[in-house]
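S.K.: Please read through the structure below; I'll follow up with questions.
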Amino acid sequence: MVVVSAFLRGLCQRLQATIAANDELPLGIDKELGRLLKAFVSIKVTTLEAAENKQSKSKVVQAWLCELKEAAYDADDLLDCLVMKAQEPEVEASVTDVVDQRRCLIFNCGQEHAATQTELMIQDIRSRVQKLMRKKPFSLNFHHRRSSNYMSHYEVEARKATSANSGKFGRDEDREKMIKLLTSEESCSHEDLSLIAIVGRPGVGKTTLARIVYDEPRVASHFPLKMWATASEVYDAGRLLRSIYESVDGYPLDDSVTMEIIVAMLKNTLAQSRYLLILDDVRNEIFNSELLQEQLKYGPSGSKIVITAENEEIAKKMRLPSLCYNLQGLSREDSWSFFKECALPIDQGSCKNSREIEEVGLKIVAKLEGLPLAVRMVGRLLCLNFNLNDWKMISNADVWRYKSEELRGVPAALWLSYQHLPPHIKQCFGCCSVFPRDHKFDKQSTVHMWMAEGLIQPQQGKQMEDLGNEYFDYLLNRSFFQFSSRRDESVAHEGIQFFDEENISEEYIMHGLIHDLALSITVCESLWLSPVSRSMKENVRHLSVWSDKDTIASVLDIGMLHNLRTLLFERIGSSSFDYDALFMNLRCIRVLCLSDIGLKNLPDSIGNLKQLRCLDLTNTSVTTVPHDLSLIAIVGRPGVGKTTLAQNVYNEPRVNRHFRLKMWITASEIYDAGRLLRSIEGSASASDFFTLEDAVTKVKYTLAQSRYLLILDDVRNEILNPELLREQLKYAPSGSKIVITTENEEIAKKMRLPFLCYYLQGLSHGDSWSLFKECALLLHQGACQNSKEIEEVGLEIVTKLEGLPLAVRMVGHLLCLNFDLNDWKMILKADIWRYKSEELRGVPAALWLSYQHLPPHIKQCFGYCSVFPRDHKFDKQSTVHMWMAQGLIQPQQGKQMEDLGNEYFDYLLNRSFFQFSICRKYVMHGLIHDLALSISVCESLCLSPLARDMKGNVRHLSVQSDKDTIANVLDVGMLHNLRTLVFYRTGSSSFDYDALFMNLKCIRVLCLSDNRLMYLPDSIGDLKQLRCLDLTNTSVNTVPHVLCGLRNLQILNLNIRLITLQPFHHRGMSNLINLRHLKVLKVDEMYKIGQLTSLQELGKFTVLDEDGHRIEELKNMTQLRGKLCISQLENVHTKDEAMEAKLNEKELIEELVLQWSWDYTWDGRPVESKFATLEALRPHANLKTLIIESNTGGKIPTWLEDGSLSSLETLEIRHCYDWDISLLRQLKSLKILRLYGMLRTQHVDMHNDRDVHQLFPCLRILDISRWPGFFETLHIKDCPKLRHQPADNSGPTLPSSLIDFKVLKCAGLTSDSFFVGMGRLHSLSSMVIKGEPAFDTDCPPEHLPVFTTLPWALVSLKRLKVAGCPRLAACSSSSDKSPMLLEYLEIKDSSLQILNGELLHSLINLQELKISECYELVNFPNEMEEGLHCLVSLKRLFIDSCYSIDSLPRELATIPSLEEVCVTDCHSIESIPEKGLPASLSMLIINRCGYLEQRCDKDGEDWSKISHVFYIEIDKRNVREETFS
């Protein structure tokens, strides 16, 4: 019998869902899917259900249904393939489970060709369905039988209530006869072993009777040894003997135990005492075995063997004294009593038609032939149904008239019960036909299998697991399933069994007749293969395979498994088996359950089972899954957004949580696997110091530590050694992933790792238009007169951009805020659109168009950037300096070249020629780099091991060599015309830089990157045209004197990080009058630096009392910009000397630091006051940041009082004692005020008569150390003399805008009076209170304020840390008892008395609680223990360094949402609480806790209390992983 209606209903739902996502489907496929859906929908489900019920009478109907289901299966497989290939490994994964999966159609062949293939497959399935409809062998007016609904809760409870006496009808006499046969003196007088065969037709109750006898106390006392073995599917005497021995002690034997050992052990066991052996459901000729007869005859006097069988001939073949007990069906009276209990478990009372129902019921019982199984199933079908018509419908059902052979030997009552199952339950029941006969299955695994097969219909608001449990319970209560073992004498036998939530059995079985029914309805789909059943067909979808010996090859034809959806594979044998070949043929597998103790390792081919939903390895020796290091290749044409997608995935929080180690490598210009490995380990510059062997060792160690994600961006070449890479990258924990972005999927294939190609398509037209509008700022066009016409033209332009995000963005930026319709039409009709790709050197026309509309001076700056390698990280300042050195920046009056260069750079950035990278760097997209190379093809060249063709007319050159091959790459004799040389070199061999410099006659820009370069040859002095010299990435530690003769030099950079760099004090350097930028160590020590009047950056100037280093050197340096620090100002002796610096004329300086040495010792010479000196150092009004340090003049300079520094935003005053800060009130632009070291000030009145905000209206941060403060952020630290002086007991004078408040080590402030009235701080979200014993105070500790009460009414507080407050005992009372918003609470070295019941009831939002360094804490307060259940949102609990505490909270298990517990350095804790840990806990960390660690280890006494926790770390060991291993 074939069931297709429910499957077809689910298929149509999936088709509709796929078509609904038509934006993601290639053109044409959505239409074909729609036609296929229409074809399936034309087959009415109700008609199918009627046909399914008729098929037992018509083989033609059954064959038609088989063909239809095959077509439906093929359509379902196709849909799965589409979805699987559309799954984008996002970004937990999952690539492994953490990641979302985006849907679109992806194929391994060309996109258009693949779409065509898919359309043809869909058309073929649709054609088959339409053909089937035309030749359907039945009319469409079949009567549809209504299926039973789910049982109500009332119905189930009623059944439970009446189950106590079920199943005893008519079996008392049989039981007594059997017991007498077994235990009577007459039966025991025989010396030989005898056999009793309970014989009867299927369903009559043979197993039930045997179970009743087996469990009878009289039998148990008579037979010291009892054994039970199910023999229905045992075809080998050896396996039956194994099962018999296993039943003795209840444990399975290891597969390594040979048959000789089993025979010897069993012989010894059976000879010890009188035994009873039950062999249930003996169905085959196994008793012909000489081995079996030989072993079972060794029984002591009175031993018995009882078999249940349908055929008494089986007993005769045992050649033992035997007796057949023929079990008859129930009498009519017993059947009716049993039926009433099942169908009418409660008194129908005043039911109007109770008499008529009983009359019909008696007729039904007459048709059940006394079979208890049939009585029970039909009774349950009609349970609590008092509708007379329904009873008559059952009594008059057609199925009663069918012959036994038409029903495949299954009683009509069982077919009737099946026909009244809901369709979705039918297919779940049919799926169970894959189990062998008498197979014991558990509920959870069965539901998981249904889920994997897609048999559970989704319902809004319900989990699939819950729905599956309901399906299972329905079949259980309808007797399609039974409990496998006896739970209660009243429910354990075949009479009747009910599902009881309070006494759940772990395993279930199907009665043999029910199993035959399941096989009958899935005859075309399910198959069970065994050594005596070897016939297999290609259309089998669900297969169970068993082989006891090494005969698996003869049982299973691997080549016929390509359509399989389910495989239950049980194998016992010593020979090896080719699982790799098996997995290679399971193309459509959804459920795979392997049972093979010899299987220890899964082959990598398991990764190819892309449709697999359920993998069960419980009964194997596999301890670890394959590392499954897999590769995902994001493949797409240039500019489609591969790198952008990879970056989005890389930065996704879910990916961050899933992968502990993440690495990003740009591989476009890496041509050697060794360099790639060095890049993985560290930066490219650092890699020079590591050999390849060192890099291999480091990478192997690093990657083995934790699950990693490695992004290899822009892989373009094929030089990378796949063997070396694969060998190193394979040392990865399970779940590690490699993602590459590439234009060619062949690169991924050469890695020889399991990989998936994600073919990234261009944006849809709708998405392209949305991005274009955002870039062109069309959203801001407002009431533009021609907005409609502009949009029409814009849509046509977008059509030409081919869905490339880069092209959309660049043309959008080109037209940004341009509402001139003619300009838009000009772009639309540009000639460039008509050019072919090869004419544009493979660069999209949109990029050429954007370049053509650059201003000429910007074009040459952009073209110059082609000198850099692909994916080079640009530094803005360095790039501008190179443009300046090449003369590419057009001078403008009143503007510095640096400012103009920055404007050029920003212009290119805003037009998308540059893009933001990381660490304030920028990159060019690969296509933009190709464009730059195309427009400078005769001038610029990047030389590498793959590009060695150099011409003499090259003006700008970059050279890259990873190995000692620089001589092969660079022809020094062809460099005489060079203006730019960017030189990257790594390698151990020497290089002749002297010869190089001798040929650079026209060089303007020279950038050297070679860590082995330590000295510059004197020939550097011959580069007279040199403007820019960058030695940052070298080891040059001194500058030769000849360099001072390069008068054109504008930029000089050395490696200032080099610890061996010598002090910079060449007197000749002052000759470099054109030098604008100098980056060297201790530049402030340079003699006569004031002669470098073009210098833009100085950074620091140290004033010395000697010629060439006095402050007057700053006089003419009017071009200085950025930051300037002037130190050792004590060497400025007079006001006039200070005025020589002319700081008020340096309008480009934004940050000024004025430092006096704090340890200065006066030498006795006349010195004006420090106040006078500071007064003369008045800066320019443009200054934004000012820092004054260690000026002890005692007064604030007038230029800080009078408000002349109108642009000042940041002011720091350090160690300037006795300054009156209230005089700063005129600094109206001040945003940040930092005051350090005001130790002599105890109280400052920073109020005025009206509002505190009028002091500094723009102030946002006031950071004070040893001084008071206020505003949005207030940190008060180390102010031991500071006191709070309350005004009218109103609490602290703090603004209501305060957000972040910290009081650290201020003994005078941590008092109750200071915190009174804090309830008005409605913006306060974070507070830290840290007390500390007083020091450096005039007040004895006993007179210091006491902090005992924490303020309650902090309505907005989310984070609170209290430390060093041992007297803190309570929260202040509040009339408002509403819940607090507090999410984080940390109590350190303080009392826990504040955690009383009243507070805990208000902490319903608390998510994290930390308790640390409470050294005197012995146990948790009782009030806290009783209130822990109120912390309903608490997820993390940390207990650290509480040395005296002897136990964890007793009520820890009552915290409902707790996920993480970390206990560290608590040596006195002895055990986990008796009530255990919460069920919600997923992480437990215990470190340095002595005895507790031992108890919680996997062999410890408390392991059972914590074994449910997913991640357990003890003493920094992952105990869970050790447990699995």
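We label chains A, B, ... in the order they appear in the structure tokens, count residues from 1 in each chain, and number ligands from 1 in the order shown.
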So that I can see what lies close to Asp713 in chain A, please list as a list in words the residues with an atom at most 9 Å from it, counting only C-alpha atoms and leaving out residues fewer than 2 positions away in the same chain.
M.R.: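 Near neighbours after the sequence-gap exclusion: Lys642, Thr643, Ala646, Trp664, Ile665, Thr666, Ala667, Ser668, Ile711, Val715, Val739, Ile740, Thr741 and Thr742 of chain A.
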S.K.: Go ahead and dump the residues you just picked, N, CA and C atoms, as a PDB file, in the first residue's frame.
M.R.:
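Printed below is again.pdb as written:
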```
ATOM      1  N   LYS A 642      32.764  40.013  -3.558  1.00  0.00           N
ATOM      2  CA  LYS A 642      33.232  38.821  -2.828  1.00  0.00           C
ATOM      3  C   LYS A 642      33.914  39.218  -1.522  1.00  0.00           C
ATOM      4  N   THR A 643      34.814  40.178  -1.598  1.00  0.00           N
ATOM      5  CA  THR A 643      35.524  40.602  -0.379  1.00  0.00           C
ATOM      6  C   THR A 643      34.562  41.228   0.619  1.00  0.00           C
ATOM      7  N   ALA A 646      32.750  38.512   2.390  1.00  0.00           N
ATOM      8  CA  ALA A 646      33.650  37.846   3.340  1.00  0.00           C
ATOM      9  C   ALA A 646      33.870  38.706   4.579  1.00  0.00           C
ATOM     10  N   TRP A 664      42.724  36.792   8.760  1.00  0.00           N
ATOM     11  CA  TRP A 664      42.409  37.353   7.437  1.00  0.00           C
ATOM     12  C   TRP A 664      43.723  37.603   6.713  1.00  0.00           C
ATOM     13  N   ILE A 665      43.883  36.988   5.566  1.00  0.00           N
ATOM     14  CA  ILE A 665      45.099  37.154   4.771  1.00  0.00           C
ATOM     15  C   ILE A 665      44.690  37.595   3.366  1.00  0.00           C
ATOM     16  N   THR A 666      45.291  38.680   2.907  1.00  0.00           N
ATOM     17  CA  THR A 666      45.091  39.099   1.515  1.00  0.00           C
ATOM     18  C   THR A 666      46.137  38.396   0.675  1.00  0.00           C
ATOM     19  N   ALA A 667      45.680  37.544  -0.216  1.00  0.00           N
ATOM     20  CA  ALA A 667      46.591  36.619  -0.902  1.00  0.00           C
ATOM     21  C   ALA A 667      46.855  36.999  -2.344  1.00  0.00           C
ATOM     22  N   SER A 668      46.393  38.164  -2.782  1.00  0.00           N
ATOM     23  CA  SER A 668      46.495  38.485  -4.208  1.00  0.00           C
ATOM     24  C   SER A 668      47.931  38.558  -4.691  1.00  0.00           C
ATOM     25  N   ILE A 711      40.334  33.402   6.400  1.00  0.00           N
ATOM     26  CA  ILE A 711      39.891  34.017   5.144  1.00  0.00           C
ATOM     27  C   ILE A 711      41.114  34.281   4.287  1.00  0.00           C
ATOM     28  N   VAL A 715      42.407  35.278  -3.898  1.00  0.00           N
ATOM     29  CA  VAL A 715      43.388  34.291  -4.349  1.00  0.00           C
ATOM     30  C   VAL A 715      43.341  34.267  -5.874  1.00  0.00           C
ATOM     31  N   VAL A 739      37.829  30.057   4.112  1.00  0.00           N
ATOM     32  CA  VAL A 739      37.012  30.733   3.108  1.00  0.00           C
ATOM     33  C   VAL A 739      37.958  31.466   2.182  1.00  0.00           C
ATOM     34  N   ILE A 740      37.832  31.237   0.896  1.00  0.00           N
ATOM     35  CA  ILE A 740      38.637  31.980  -0.059  1.00  0.00           C
ATOM     36  C   ILE A 740      37.699  32.763  -0.974  1.00  0.00           C
ATOM     37  N   THR A 741      38.173  33.901  -1.434  1.00  0.00           N
ATOM     38  CA  THR A 741      37.464  34.643  -2.476  1.00  0.00           C
ATOM     39  C   THR A 741      38.321  34.568  -3.722  1.00  0.00           C
ATOM     40  N   THR A 742      37.707  34.245  -4.821  1.00  0.00           N
ATOM     41  CA  THR A 742      38.469  34.044  -6.045  1.00  0.00           C
ATOM     42  C   THR A 742      37.556  34.207  -7.246  1.00  0.00           C
TER      43      THR A 742
END
```
S.K.: Give me every alpha helix (DSSP H) residue in range 348-529 of chain A, going by DSSP on the backbone, as a PyMOL selection string.
M.R.: chain A and resi 354-366+372-381+388-395+412-419+423-431+443-452+464-477+512-521
S.K.: Name the closest residue to Asp992 in chain A among the candidates A:Leu1013, A:Cys919, A:Leu1417, A:Leu975; distances are taken between atoms, counting only C-alpha atoms.
M.R.: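 Ranking A:Leu1013, A:Cys919, A:Leu1417, A:Leu975 by distance to Asp992 in chain A, first place goes to A:Leu1013.
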S.K.: Mind pulling up the distance from CA of Ala231 in chain A to CA of Tyr471 in chain A?
M.R.: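 Distance reported for this atom pair: 29.4 Å.
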S.K.: Would you list the contacts of Cys431 in chain A as a PyMOL selection string, taking every protein, DNA or RNA residue within 9 Å and counting only C-alpha atoms, but skipping same-chain residues closer than 3 positions in sequence?
M.R.: chain A and resi 426-428+434-435+449-450+453+455+518+522+526+542
S.K.: I need the residues from that last selection saved to file as a tab-separated table (two decimals), in the first residue's frame (with N, CA, C and O atoms), if you can.
M.R.:
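Once written, out-v4.tsv looks like this:
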```tsv
chain	number	residue	atom	x	y	z
A	426	LYS	N	-0.03	9.04	9.15
A	426	LYS	CA	0.17	7.86	8.30
A	426	LYS	C	1.60	7.77	7.79
A	426	LYS	O	2.22	6.71	7.83
A	427	GLN	N	2.12	8.90	7.27
A	427	GLN	CA	3.45	8.83	6.69
A	427	GLN	C	4.52	8.63	7.76
A	427	GLN	O	5.54	7.98	7.51
A	428	CYS	N	4.29	9.14	8.97
A	428	CYS	CA	5.24	8.89	10.06
A	428	CYS	C	5.23	7.41	10.44
A	428	CYS	O	6.29	6.81	10.67
A	434	VAL	N	10.95	0.83	8.10
A	434	VAL	CA	12.37	0.59	7.84
A	434	VAL	C	13.02	-0.18	8.99
A	434	VAL	O	14.05	-0.80	8.82
A	435	PHE	N	12.37	-0.17	10.18
A	435	PHE	CA	12.92	-0.90	11.31
A	435	PHE	C	12.76	-2.40	11.09
A	435	PHE	O	11.73	-2.84	10.56
A	449	MET	N	14.23	11.24	13.41
A	449	MET	CA	14.21	10.67	12.07
A	449	MET	C	13.06	11.27	11.26
A	449	MET	O	13.24	11.62	10.09
A	450	TRP	N	11.89	11.40	11.86
A	450	TRP	CA	10.76	12.03	11.16
A	450	TRP	C	11.10	13.46	10.76
A	450	TRP	O	10.76	13.90	9.67
A	453	GLU	N	13.37	13.54	7.81
A	453	GLU	CA	12.69	13.16	6.57
A	453	GLU	C	11.65	14.20	6.15
A	453	GLU	O	11.00	14.04	5.11
A	455	LEU	N	8.79	14.94	7.63
A	455	LEU	CA	7.44	14.39	7.79
A	455	LEU	C	6.60	15.15	8.80
A	455	LEU	O	5.41	14.86	8.95
A	518	ALA	N	2.92	-1.99	8.39
A	518	ALA	CA	3.79	-0.90	7.93
A	518	ALA	C	4.52	-1.28	6.66
A	518	ALA	O	4.66	-0.48	5.73
A	522	THR	N	4.28	0.38	2.60
A	522	THR	CA	5.49	1.00	2.02
A	522	THR	C	6.23	-0.01	1.17
A	522	THR	O	7.46	0.02	1.11
A	526	SER	N	10.29	0.92	1.32
A	526	SER	CA	11.12	0.46	2.42
A	526	SER	C	11.53	-0.99	2.21
A	526	SER	O	10.79	-1.79	1.64
A	542	HIS	N	14.02	3.84	1.70
A	542	HIS	CA	14.37	3.63	3.11
A	542	HIS	C	14.85	2.19	3.27
A	542	HIS	O	14.11	1.25	2.96
```
S.K.: Would you mind writing down, as a PyMOL selection string, each residue of range 1041-1234 of chain A that DSSP on the backbone assigns to strand (DSSP E or B)?
M.R.: chain A and resi 1051-1054+1077-1079+1099-1102+1122-1127+1149-1155+1185-1189+1210-1214+1232-1234
S.K.: Store the residues picked out above, limited to N, CA and C atoms, as a CSV table (one decimal), in the first residue's frame.
M.R.:
```
chain,number,residue,atom,x,y,z
A,1051,ILE,N,60.8,65.0,2.5
A,1051,ILE,CA,60.3,64.0,3.5
A,1051,ILE,C,61.4,63.0,3.8
A,1052,LEU,N,61.7,62.8,5.1
A,1052,LEU,CA,62.7,61.8,5.5
A,1052,LEU,C,62.1,61.0,6.7
A,1053,ASN,N,61.9,59.7,6.5
A,1053,ASN,CA,61.3,58.8,7.6
A,1053,ASN,C,62.3,57.7,7.9
A,1054,LEU,N,62.6,57.5,9.2
A,1054,LEU,CA,63.4,56.4,9.7
A,1054,LEU,C,62.5,55.5,10.6
A,1077,HIS,N,58.9,67.2,6.3
A,1077,HIS,CA,58.5,66.2,7.3
A,1077,HIS,C,59.7,65.4,7.7
A,1078,LEU,N,59.9,65.2,8.9
A,1078,LEU,CA,61.1,64.5,9.5
A,1078,LEU,C,60.6,63.6,10.6
A,1079,LYS,N,60.8,62.3,10.3
A,1079,LYS,CA,60.3,61.3,11.3
A,1079,LYS,C,61.6,60.5,11.7
A,1099,GLY,N,56.7,67.7,16.8
A,1099,GLY,CA,56.3,66.7,17.8
A,1099,GLY,C,56.8,67.2,19.2
A,1100,LYS,N,58.1,67.2,19.4
A,1100,LYS,CA,58.7,67.6,20.7
A,1100,LYS,C,59.9,68.5,20.5
A,1101,PHE,N,60.0,69.5,21.3
A,1101,PHE,CA,61.2,70.4,21.3
A,1101,PHE,C,61.6,70.5,22.8
A,1102,THR,N,62.9,70.1,23.0
A,1102,THR,CA,63.4,70.1,24.4
A,1102,THR,C,64.3,71.4,24.5
A,1122,GLY,N,49.8,70.6,13.8
A,1122,GLY,CA,49.5,69.4,14.6
A,1122,GLY,C,49.9,69.6,16.1
A,1123,LYS,N,50.7,68.7,16.6
A,1123,LYS,CA,51.1,68.7,18.0
A,1123,LYS,C,52.5,69.2,18.2
A,1124,LEU,N,52.7,70.0,19.3
A,1124,LEU,CA,54.0,70.5,19.6
A,1124,LEU,C,54.1,70.4,21.2
A,1125,CYS,N,55.1,69.7,21.6
A,1125,CYS,CA,55.4,69.6,23.0
A,1125,CYS,C,56.7,70.3,23.3
A,1126,ILE,N,56.7,71.3,24.2
A,1126,ILE,CA,57.9,72.0,24.6
A,1126,ILE,C,58.2,71.6,26.0
A,1127,SER,N,59.3,70.9,26.2
A,1127,SER,CA,59.7,70.4,27.5
A,1127,SER,C,60.9,71.1,28.1
A,1149,ILE,N,49.2,75.1,14.8
A,1149,ILE,CA,49.3,74.1,15.9
A,1149,ILE,C,47.9,74.0,16.5
A,1150,GLU,N,47.5,72.7,16.7
A,1150,GLU,CA,46.3,72.4,17.3
A,1150,GLU,C,46.4,71.9,18.7
A,1151,GLU,N,47.5,71.3,19.0
A,1151,GLU,CA,47.8,70.7,20.4
A,1151,GLU,C,49.1,71.2,20.9
A,1152,LEU,N,49.1,71.8,22.1
A,1152,LEU,CA,50.3,72.3,22.6
A,1152,LEU,C,50.5,71.8,24.0
A,1153,VAL,N,51.7,71.3,24.3
A,1153,VAL,CA,52.1,70.8,25.7
A,1153,VAL,C,53.2,71.6,26.2
A,1154,LEU,N,53.0,72.2,27.4
A,1154,LEU,CA,54.0,73.0,28.0
A,1154,LEU,C,54.5,72.3,29.3
A,1155,GLN,N,55.7,71.9,29.3
A,1155,GLN,CA,56.2,71.0,30.4
A,1155,GLN,C,57.4,71.7,31.2
A,1185,THR,N,43.8,72.0,21.9
A,1185,THR,CA,44.2,71.2,23.0
A,1185,THR,C,45.4,71.8,23.7
A,1186,LEU,N,45.3,72.0,25.0
A,1186,LEU,CA,46.4,72.5,25.8
A,1186,LEU,C,46.7,71.7,27.0
A,1187,ILE,N,47.9,71.4,27.2
A,1187,ILE,CA,48.4,70.6,28.4
A,1187,ILE,C,49.5,71.4,29.1
A,1188,ILE,N,49.3,71.7,30.4
A,1188,ILE,CA,50.3,72.4,31.2
A,1188,ILE,C,50.7,71.5,32.3
A,1189,GLU,N,52.0,71.3,32.5
A,1189,GLU,CA,52.4,70.3,33.4
A,1189,GLU,C,53.5,70.9,34.3
A,1210,THR,N,40.0,71.0,24.8
A,1210,THR,CA,40.6,70.1,25.8
A,1210,THR,C,41.6,70.8,26.6
A,1211,LEU,N,41.5,70.7,27.9
A,1211,LEU,CA,42.5,71.4,28.8
A,1211,LEU,C,42.9,70.4,29.9
A,1212,GLU,N,44.2,70.1,30.0
A,1212,GLU,CA,44.8,69.3,31.0
A,1212,GLU,C,45.7,70.1,31.8
A,1213,ILE,N,45.5,70.1,33.1
A,1213,ILE,CA,46.4,70.8,34.1
A,1213,ILE,C,46.9,69.7,35.1
A,1214,ARG,N,48.3,69.6,35.0
A,1214,ARG,CA,48.9,68.5,35.9
A,1214,ARG,C,49.9,69.1,36.9
A,1232,ILE,N,36.5,68.9,27.4
A,1232,ILE,CA,37.2,68.0,28.3
A,1232,ILE,C,38.1,68.8,29.2
A,1233,LEU,N,37.9,68.5,30.5
A,1233,LEU,CA,38.8,69.1,31.5
A,1233,LEU,C,39.4,68.0,32.4
A,1234,ARG,N,40.7,67.9,32.3
A,1234,ARG,CA,41.4,66.9,33.1
A,1234,ARG,C,42.3,67.6,34.1
```
S.K.: At what distance in Å, to one decimal, does CA of Asp1465 in chain A lie from CA of Asn1405 in chain A?
M.R.: 27.9 Å
S.K.: Rank A:Ser958, A:Gln482, A:Ser247, A:Ser1207 by their smallest atom-to-atom distance to Gly512 in chain A, using only C-alpha atoms, and report the top residue only.
M.R.: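 For Gly512 in chain A, the nearest of the given residues is A:Gln482.
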S.K.: Please provide as a list in words all residues within 7 Å of Val199 in chain A, with the sequence filter that same-chain residues fewer than 6 positions apart are discarded (counting only C-alpha atoms).
M.R.: Thr308, Ala309, Glu310, Asn311, Glu312, Cys324, Tyr325, Asn326 and Leu327 of chain A
S.K.: Those residues you just picked out, can you put them in a file as a short mmCIF file (atom, residue, chain, number, x, y, z; two decimals), in the first residue's frame with all heavy atoms?
M.R.:
```cif
data_model
loop_
_atom_site.label_atom_id
_atom_site.label_comp_id
_atom_site.auth_asym_id
_atom_site.auth_seq_id
_atom_site.Cartn_x
_atom_site.Cartn_y
_atom_site.Cartn_z
N THR A 308 7.50 -19.16 21.44
CA THR A 308 6.22 -18.73 20.85
C THR A 308 6.40 -18.76 19.35
O THR A 308 7.41 -18.27 18.83
CB THR A 308 5.85 -17.31 21.32
OG1 THR A 308 6.77 -16.37 20.79
CG2 THR A 308 5.83 -17.22 22.83
N ALA A 309 5.45 -19.37 18.67
CA ALA A 309 5.58 -19.55 17.22
C ALA A 309 4.21 -19.70 16.61
O ALA A 309 3.23 -20.03 17.29
CB ALA A 309 6.46 -20.76 16.91
N GLU A 310 4.14 -19.45 15.33
CA GLU A 310 2.90 -19.67 14.60
C GLU A 310 2.83 -21.10 14.06
O GLU A 310 1.77 -21.54 13.62
CB GLU A 310 2.80 -18.66 13.45
CG GLU A 310 2.78 -17.22 13.90
CD GLU A 310 2.84 -16.25 12.72
OE1 GLU A 310 2.57 -16.71 11.58
OE2 GLU A 310 3.16 -15.07 12.92
N ASN A 311 3.96 -21.81 14.09
CA ASN A 311 4.05 -23.12 13.45
C ASN A 311 4.68 -24.11 14.42
O ASN A 311 5.82 -23.95 14.86
CB ASN A 311 4.91 -22.99 12.18
CG ASN A 311 5.01 -24.28 11.41
OD1 ASN A 311 4.44 -25.31 11.82
ND2 ASN A 311 5.75 -24.25 10.32
N GLU A 312 3.93 -25.19 14.77
CA GLU A 312 4.46 -26.14 15.74
C GLU A 312 5.54 -27.02 15.16
O GLU A 312 6.26 -27.70 15.90
CB GLU A 312 3.33 -27.01 16.29
CG GLU A 312 2.63 -27.86 15.26
CD GLU A 312 1.49 -28.67 15.87
OE1 GLU A 312 1.80 -29.73 16.45
OE2 GLU A 312 0.34 -28.22 15.79
N CYS A 324 2.99 -28.83 22.73
CA CYS A 324 2.44 -27.64 22.09
C CYS A 324 1.23 -27.17 22.87
O CYS A 324 0.30 -27.95 23.14
CB CYS A 324 2.03 -27.94 20.64
SG CYS A 324 3.42 -27.99 19.52
N TYR A 325 1.25 -25.91 23.23
CA TYR A 325 0.11 -25.29 23.89
C TYR A 325 -0.56 -24.37 22.88
O TYR A 325 -0.03 -23.31 22.54
CB TYR A 325 0.54 -24.48 25.13
CG TYR A 325 -0.63 -23.96 25.92
CD1 TYR A 325 -1.21 -24.74 26.91
CD2 TYR A 325 -1.17 -22.71 25.65
CE1 TYR A 325 -2.28 -24.28 27.64
CE2 TYR A 325 -2.26 -22.24 26.37
CZ TYR A 325 -2.82 -23.02 27.37
OH TYR A 325 -3.89 -22.57 28.07
N ASN A 326 -1.70 -24.77 22.36
CA ASN A 326 -2.40 -24.01 21.34
C ASN A 326 -3.24 -22.93 22.00
O ASN A 326 -4.22 -23.22 22.69
CB ASN A 326 -3.28 -24.93 20.49
CG ASN A 326 -2.46 -25.87 19.63
OD1 ASN A 326 -1.82 -25.43 18.68
ND2 ASN A 326 -2.46 -27.16 19.97
N LEU A 327 -2.85 -21.70 21.77
CA LEU A 327 -3.54 -20.57 22.39
C LEU A 327 -4.69 -20.12 21.49
O LEU A 327 -4.49 -19.82 20.31
CB LEU A 327 -2.56 -19.41 22.62
CG LEU A 327 -3.10 -18.21 23.38
CD1 LEU A 327 -3.50 -18.61 24.80
CD2 LEU A 327 -2.04 -17.10 23.42
#
```
S.K.: When you draw a straight line from CA of Leu1381 in chain A to CA of Gln1407 in chain A, how long is it in Å?
M.R.: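 These atoms are spaced 10.3 Å apart.
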